Amino acid sequence: MSLKSLLKPWRLLKRKFALQRKRKLKNIIEQKSFSALLGKKKQSPLFIVTLTSYGKRVEDTAPYAIWSLFEQSIAPDKIILWLDNENWNLDNIPQLLKMEAEMGLEIKFCEDLKSYKKLNFALREYPNDVLITVDDDAYYPKDWLEKLLQAHKENPEKICCHRAHIIKKGQPYNKWKWKADESDNAEMLFPTGIGGVLYPPSSLEISRLDEFMRLAPQADDIAYWALAKLNGTKHILAKDGYFEFALVNGMDEEDSLMSSNREKCKNDLQFNEVSKELPSNHGK
């Protein structure tokens with residue numbers, strides 16, 4: 001019997017538990033039985049969690065991921081969800097998001113820049129604030145933001161993250177060290193979006209943002225990494241941070257499209273194109 005066959009029952013069980021959790025959370029969100037954002041902080045910098053979603057995920061995963069952001073031990077000043085204005089408006093957003101909006105979630109409608117929606121517009125609208133990106137399909141532990149903010153407090157000029165790979169020069173993406181730790185060379189850190197990434201003000205070379213979007217149209221993590229390198233901004237791991245995150249629908253990372261061999265090859269192509277534009281050809 002193959003390992004894949006042995007794992008299948010376990011994966012099915014994980015998904016069953018995930019669906020049960022969603023049913024319970026649906027009632028909590030509908031009843032607004034969770035912490036509201038009070039919007040008490042007015043001075044800059046604000047600490048803003050920013051994310052995007054699309055298609056069925058707007059209803060199927062985003063409200064549950066956002067719920068976990070409301071439940072942080074240290075609340076962000078804002079949570080902003082960016083949705084494309086071709087498909088979404090105030091009239092057709094899912095009911096759970098409307099409930100969360102009443103509790104402080106901000107929903108903004110914008111041009112459809114795919115995954116780049118999560119950060120591009122926030123960079124321009126909140127240039128003096130600290131922006132923290134997250135994915136729309138994961139639950140974030142209660143002290144997830146607290147650990148990022150502590151890392152930021154100790155390293156205010158650096159981009160902070162929970163989860164990163166280690167680039168291996170001259171090696172394809174699937175040969176990189178998958179789980180970075182504090183003993184690794186920080187110069188080779190490559191943050192991955194699912195873990196959440198904290199960007200201090202002016203940490204990215206946004207004057208070249210459009211150019212790098214064209215070079216990496218399906219890999220915003222690669223573009224943002226390169227824009228940090230161009231800007232001379234360093235990356236750092238949060239102390240005792242998280243690498244594994246429970247996904248809303250109980251999927252495993254290897255089940256996702258982004259981890260397929262085809263997608264890894266696309267990552268290599270986009271990473272190579274972006275690296276050509278770095279002065280030191282960093283990472284290659």
# chains A, B, ... in the order shown; residues from 1 in each chain; ligands from 1
>>> residues_around(residues="stretch 158-173 of chain A", least_positions_apart="4", cutoff="6 Å", atoms="only C-alpha atoms", output="list in words")
Lys177, Trp178, Lys179, Ala180, Met188, Leu189, Phe190, Pro191, Thr192, Gly195, Val197, Leu198, Tyr199, Lys234, His235, Ile236, Leu237, Ala238, Gly241, Tyr242, Phe243, Asp268, Gly283 and Lys284 of chain A
>>> write_last_selection(atoms="C-alpha atoms", output="mmCIF file, in the first residue's frame")
data_model
loop_
_atom_site.group_PDB
_atom_site.id
_atom_site.type_symbol
_atom_site.label_atom_id
_atom_site.label_comp_id
_atom_site.auth_asym_id
_atom_site.auth_seq_id
_atom_site.Cartn_x
_atom_site.Cartn_y
_atom_site.Cartn_z
ATOM 1 C CA LYS A 177 15.285 24.619 2.311
ATOM 2 C CA TRP A 178 11.561 24.501 2.996
ATOM 3 C CA LYS A 179 11.458 25.562 6.657
ATOM 4 C CA ALA A 180 13.738 28.404 7.675
ATOM 5 C CA MET A 188 18.557 34.076 2.099
ATOM 6 C CA LEU A 189 15.138 34.303 3.798
ATOM 7 C CA PHE A 190 12.193 34.133 1.432
ATOM 8 C CA PRO A 191 8.899 34.887 3.256
ATOM 9 C CA THR A 192 5.808 32.941 2.210
ATOM 10 C CA GLY A 195 2.381 32.768 7.392
ATOM 11 C CA VAL A 197 4.324 39.133 6.442
ATOM 12 C CA LEU A 198 4.780 42.478 8.216
ATOM 13 C CA TYR A 199 5.978 45.377 6.071
ATOM 14 C CA LYS A 234 16.264 42.918 5.356
ATOM 15 C CA HIS A 235 13.963 40.090 6.449
ATOM 16 C CA ILE A 236 13.696 38.456 9.852
ATOM 17 C CA LEU A 237 11.759 35.559 11.373
ATOM 18 C CA ALA A 238 9.462 36.134 14.333
ATOM 19 C CA GLY A 241 6.930 31.713 15.078
ATOM 20 C CA TYR A 242 4.498 29.492 13.241
ATOM 21 C CA PHE A 243 5.256 27.458 10.130
ATOM 22 C CA ASP A 268 11.384 29.194 -10.978
ATOM 23 C CA GLY A 283 19.763 34.509 -4.880
ATOM 24 C CA LYS A 284 21.052 33.125 -8.193
#
>>> select_by_dssp(residues="stretch 180-252 of chain A", states="alpha helix (DSSP H)", output="list in words")
Leu209, Asp210, Glu211, Phe212, Met213, Arg214, Leu215, Asp220, Asp221, Ile222, Ala223, Tyr224, Trp225, Ala226, Leu227, Ala228, Lys229, Leu230 and Asn231 of chain A
>>> write_last_selection(atoms="N, CA and C atoms", output="PDB file, in the first residue's frame")
ATOM      1  N   LEU A 209       7.018  48.695  -8.702  1.00  0.00           N
ATOM      2  CA  LEU A 209       6.010  47.680  -8.418  1.00  0.00           C
ATOM      3  C   LEU A 209       5.345  47.170  -9.685  1.00  0.00           C
ATOM      4  N   ASP A 210       4.917  48.051 -10.562  1.00  0.00           N
ATOM      5  CA  ASP A 210       4.241  47.622 -11.787  1.00  0.00           C
ATOM      6  C   ASP A 210       5.146  46.750 -12.654  1.00  0.00           C
ATOM      7  N   GLU A 211       6.398  47.121 -12.734  1.00  0.00           N
ATOM      8  CA  GLU A 211       7.366  46.346 -13.527  1.00  0.00           C
ATOM      9  C   GLU A 211       7.507  44.924 -12.981  1.00  0.00           C
ATOM     10  N   PHE A 212       7.623  44.800 -11.669  1.00  0.00           N
ATOM     11  CA  PHE A 212       7.835  43.480 -11.078  1.00  0.00           C
ATOM     12  C   PHE A 212       6.557  42.646 -11.078  1.00  0.00           C
ATOM     13  N   MET A 213       5.407  43.305 -11.088  1.00  0.00           N
ATOM     14  CA  MET A 213       4.168  42.557 -11.287  1.00  0.00           C
ATOM     15  C   MET A 213       4.154  41.883 -12.651  1.00  0.00           C
ATOM     16  N   ARG A 214       4.665  42.572 -13.655  1.00  0.00           N
ATOM     17  CA  ARG A 214       4.707  41.977 -15.004  1.00  0.00           C
ATOM     18  C   ARG A 214       5.703  40.817 -15.059  1.00  0.00           C
ATOM     19  N   LEU A 215       6.807  40.926 -14.323  1.00  0.00           N
ATOM     20  CA  LEU A 215       7.815  39.869 -14.322  1.00  0.00           C
ATOM     21  C   LEU A 215       7.350  38.631 -13.544  1.00  0.00           C
ATOM     22  N   ASP A 220       3.177  36.936  -6.288  1.00  0.00           N
ATOM     23  CA  ASP A 220       3.372  38.199  -5.575  1.00  0.00           C
ATOM     24  C   ASP A 220       4.459  38.089  -4.509  1.00  0.00           C
ATOM     25  N   ASP A 221       4.598  36.912  -3.876  1.00  0.00           N
ATOM     26  CA  ASP A 221       5.650  36.747  -2.868  1.00  0.00           C
ATOM     27  C   ASP A 221       7.030  37.023  -3.466  1.00  0.00           C
ATOM     28  N   ILE A 222       7.234  36.570  -4.697  1.00  0.00           N
ATOM     29  CA  ILE A 222       8.514  36.778  -5.370  1.00  0.00           C
ATOM     30  C   ILE A 222       8.727  38.256  -5.662  1.00  0.00           C
ATOM     31  N   ALA A 223       7.710  38.925  -6.174  1.00  0.00           N
ATOM     32  CA  ALA A 223       7.830  40.343  -6.492  1.00  0.00           C
ATOM     33  C   ALA A 223       8.113  41.169  -5.240  1.00  0.00           C
ATOM     34  N   TYR A 224       7.377  40.911  -4.161  1.00  0.00           N
ATOM     35  CA  TYR A 224       7.577  41.694  -2.939  1.00  0.00           C
ATOM     36  C   TYR A 224       8.956  41.419  -2.336  1.00  0.00           C
ATOM     37  N   TRP A 225       9.417  40.166  -2.410  1.00  0.00           N
ATOM     38  CA  TRP A 225      10.767  39.838  -1.943  1.00  0.00           C
ATOM     39  C   TRP A 225      11.801  40.659  -2.712  1.00  0.00           C
ATOM     40  N   ALA A 226      11.657  40.716  -4.036  1.00  0.00           N
ATOM     41  CA  ALA A 226      12.615  41.439  -4.866  1.00  0.00           C
ATOM     42  C   ALA A 226      12.563  42.944  -4.603  1.00  0.00           C
ATOM     43  N   LEU A 227      11.377  43.483  -4.410  1.00  0.00           N
ATOM     44  CA  LEU A 227      11.237  44.918  -4.134  1.00  0.00           C
ATOM     45  C   LEU A 227      11.868  45.281  -2.793  1.00  0.00           C
ATOM     46  N   ALA A 228      11.860  44.346  -1.856  1.00  0.00           N
ATOM     47  CA  ALA A 228      12.566  44.570  -0.594  1.00  0.00           C
ATOM     48  C   ALA A 228      14.069  44.585  -0.821  1.00  0.00           C
ATOM     49  N   LYS A 229      14.555  43.658  -1.633  1.00  0.00           N
ATOM     50  CA  LYS A 229      15.986  43.612  -1.929  1.00  0.00           C
ATOM     51  C   LYS A 229      16.436  44.892  -2.627  1.00  0.00           C
ATOM     52  N   LEU A 230      15.653  45.364  -3.585  1.00  0.00           N
ATOM     53  CA  LEU A 230      15.988  46.607  -4.278  1.00  0.00           C
ATOM     54  C   LEU A 230      16.062  47.777  -3.305  1.00  0.00           C
ATOM     55  N   ASN A 231      15.230  47.726  -2.289  1.00  0.00           N
ATOM     56  CA  ASN A 231      15.151  48.814  -1.317  1.00  0.00           C
ATOM     57  C   ASN A 231      16.196  48.689  -0.211  1.00  0.00           C
TER      58      ASN A 231
END
>>> select_by_dssp(residues="stretch 180-216 of chain A", states="strand (DSSP E)", output="VMD selection string")
chain A and resid 189 to 191 197 to 199
>>> residues_around(residues="A:Leu81", least_positions_apart="2", cutoff="7 Å", atoms="only C-alpha atoms", output="list in words")
Thr50, Leu51, Thr52, Ile79, Leu83, Glu106, Ile107 and Lys108 of chain A
>>> closest_residue(among="A:Lys24, A:Lys276, A:Lys32, A:Lys266", to="A:Gly104", atoms="only C-alpha atoms")
A:Lys32
>>> atom_distance(atom1="atom CA of A:Ile132", atom2="atom CA of A:Glu244")
17.9 Å
>>> residues_around(residues="A:Asn85", least_positions_apart="6", cutoff="12 Å", atoms="only C-alpha atoms", output="PyMOL selection string")
chain A and resi 53-54+91-93+107-114+117
>>> write_last_selection(atoms="N, CA and C atoms", output="CSV table (one decimal), in the first residue's frame")
chain,number,residue,atom,x,y,z
A,53,SER,N,-9.4,38.2,-1.5
A,53,SER,CA,-10.0,36.9,-1.8
A,53,SER,C,-10.6,37.0,-3.2
A,54,TYR,N,-11.1,35.9,-3.7
A,54,TYR,CA,-11.7,35.9,-5.0
A,54,TYR,C,-12.7,34.6,-5.1
A,91,ASP,N,-23.7,45.1,-2.2
A,91,ASP,CA,-25.0,44.4,-2.3
A,91,ASP,C,-24.8,42.9,-2.4
A,92,ASN,N,-23.7,42.4,-2.9
A,92,ASN,CA,-23.6,41.0,-3.1
A,92,ASN,C,-22.6,40.2,-2.3
A,93,ILE,N,-21.9,41.0,-1.4
A,93,ILE,CA,-20.9,40.3,-0.5
A,93,ILE,C,-21.7,39.3,0.4
A,107,ILE,N,-14.2,46.6,4.0
A,107,ILE,CA,-14.2,46.0,2.7
A,107,ILE,C,-14.0,47.1,1.7
A,108,LYS,N,-13.0,47.0,0.9
A,108,LYS,CA,-12.7,48.0,-0.2
A,108,LYS,C,-12.7,47.3,-1.5
A,109,PHE,N,-13.3,48.0,-2.5
A,109,PHE,CA,-13.4,47.4,-3.8
A,109,PHE,C,-12.4,48.1,-4.8
A,110,CYS,N,-11.8,47.3,-5.6
A,110,CYS,CA,-10.6,47.8,-6.3
A,110,CYS,C,-10.5,47.1,-7.7
A,111,GLU,N,-9.6,47.6,-8.5
A,111,GLU,CA,-9.2,46.9,-9.7
A,111,GLU,C,-8.7,45.5,-9.4
A,112,ASP,N,-9.0,44.6,-10.3
A,112,ASP,CA,-8.6,43.2,-10.1
A,112,ASP,C,-7.2,42.9,-10.4
A,113,LEU,N,-6.3,43.0,-9.5
A,113,LEU,CA,-4.9,42.7,-9.6
A,113,LEU,C,-4.5,41.3,-9.1
A,114,LYS,N,-5.5,40.4,-9.1
A,114,LYS,CA,-5.3,39.0,-8.6
A,114,LYS,C,-4.8,39.1,-7.2
A,117,LYS,N,-3.8,42.3,-5.0
A,117,LYS,CA,-4.7,43.2,-4.4
A,117,LYS,C,-4.5,43.3,-2.9
>>> atom_distance(atom1="atom CA of A:Lys14", atom2="atom CA of A:Tyr139")
14.1 Å
>>> closest_residue(among="A:Asn128, A:Asn120, A:Gln150, A:Ser44", to="A:Asp240", atoms="only C-alpha atoms")
A:Gln150
>>> closest_residue(among="A:Val130, A:Ser68, A:Ser275, A:Ser183", to="A:Leu204", atoms="only C-alpha atoms")
A:Val130
>>> closest_residue(among="A:Gln270, A:Asn87, A:Thr61, A:Gln218", to="A:Asp135", atoms="only C-alpha atoms")
A:Thr61
>>> closest_residue(among="A:Pro279, A:Asn174, A:Leu90, A:Val248", to="A:Phe17", atoms="only C-alpha atoms")
A:Val248
>>> atom_distance(atom1="atom CA of A:Ala122", atom2="atom CA of A:Ile66")
17.1 Å
>>> closest_residue(among="A:Cys265, A:Ala246, A:Val274, A:Ile74", to="A:Ala18", atoms="only C-alpha atoms")
A:Ala246
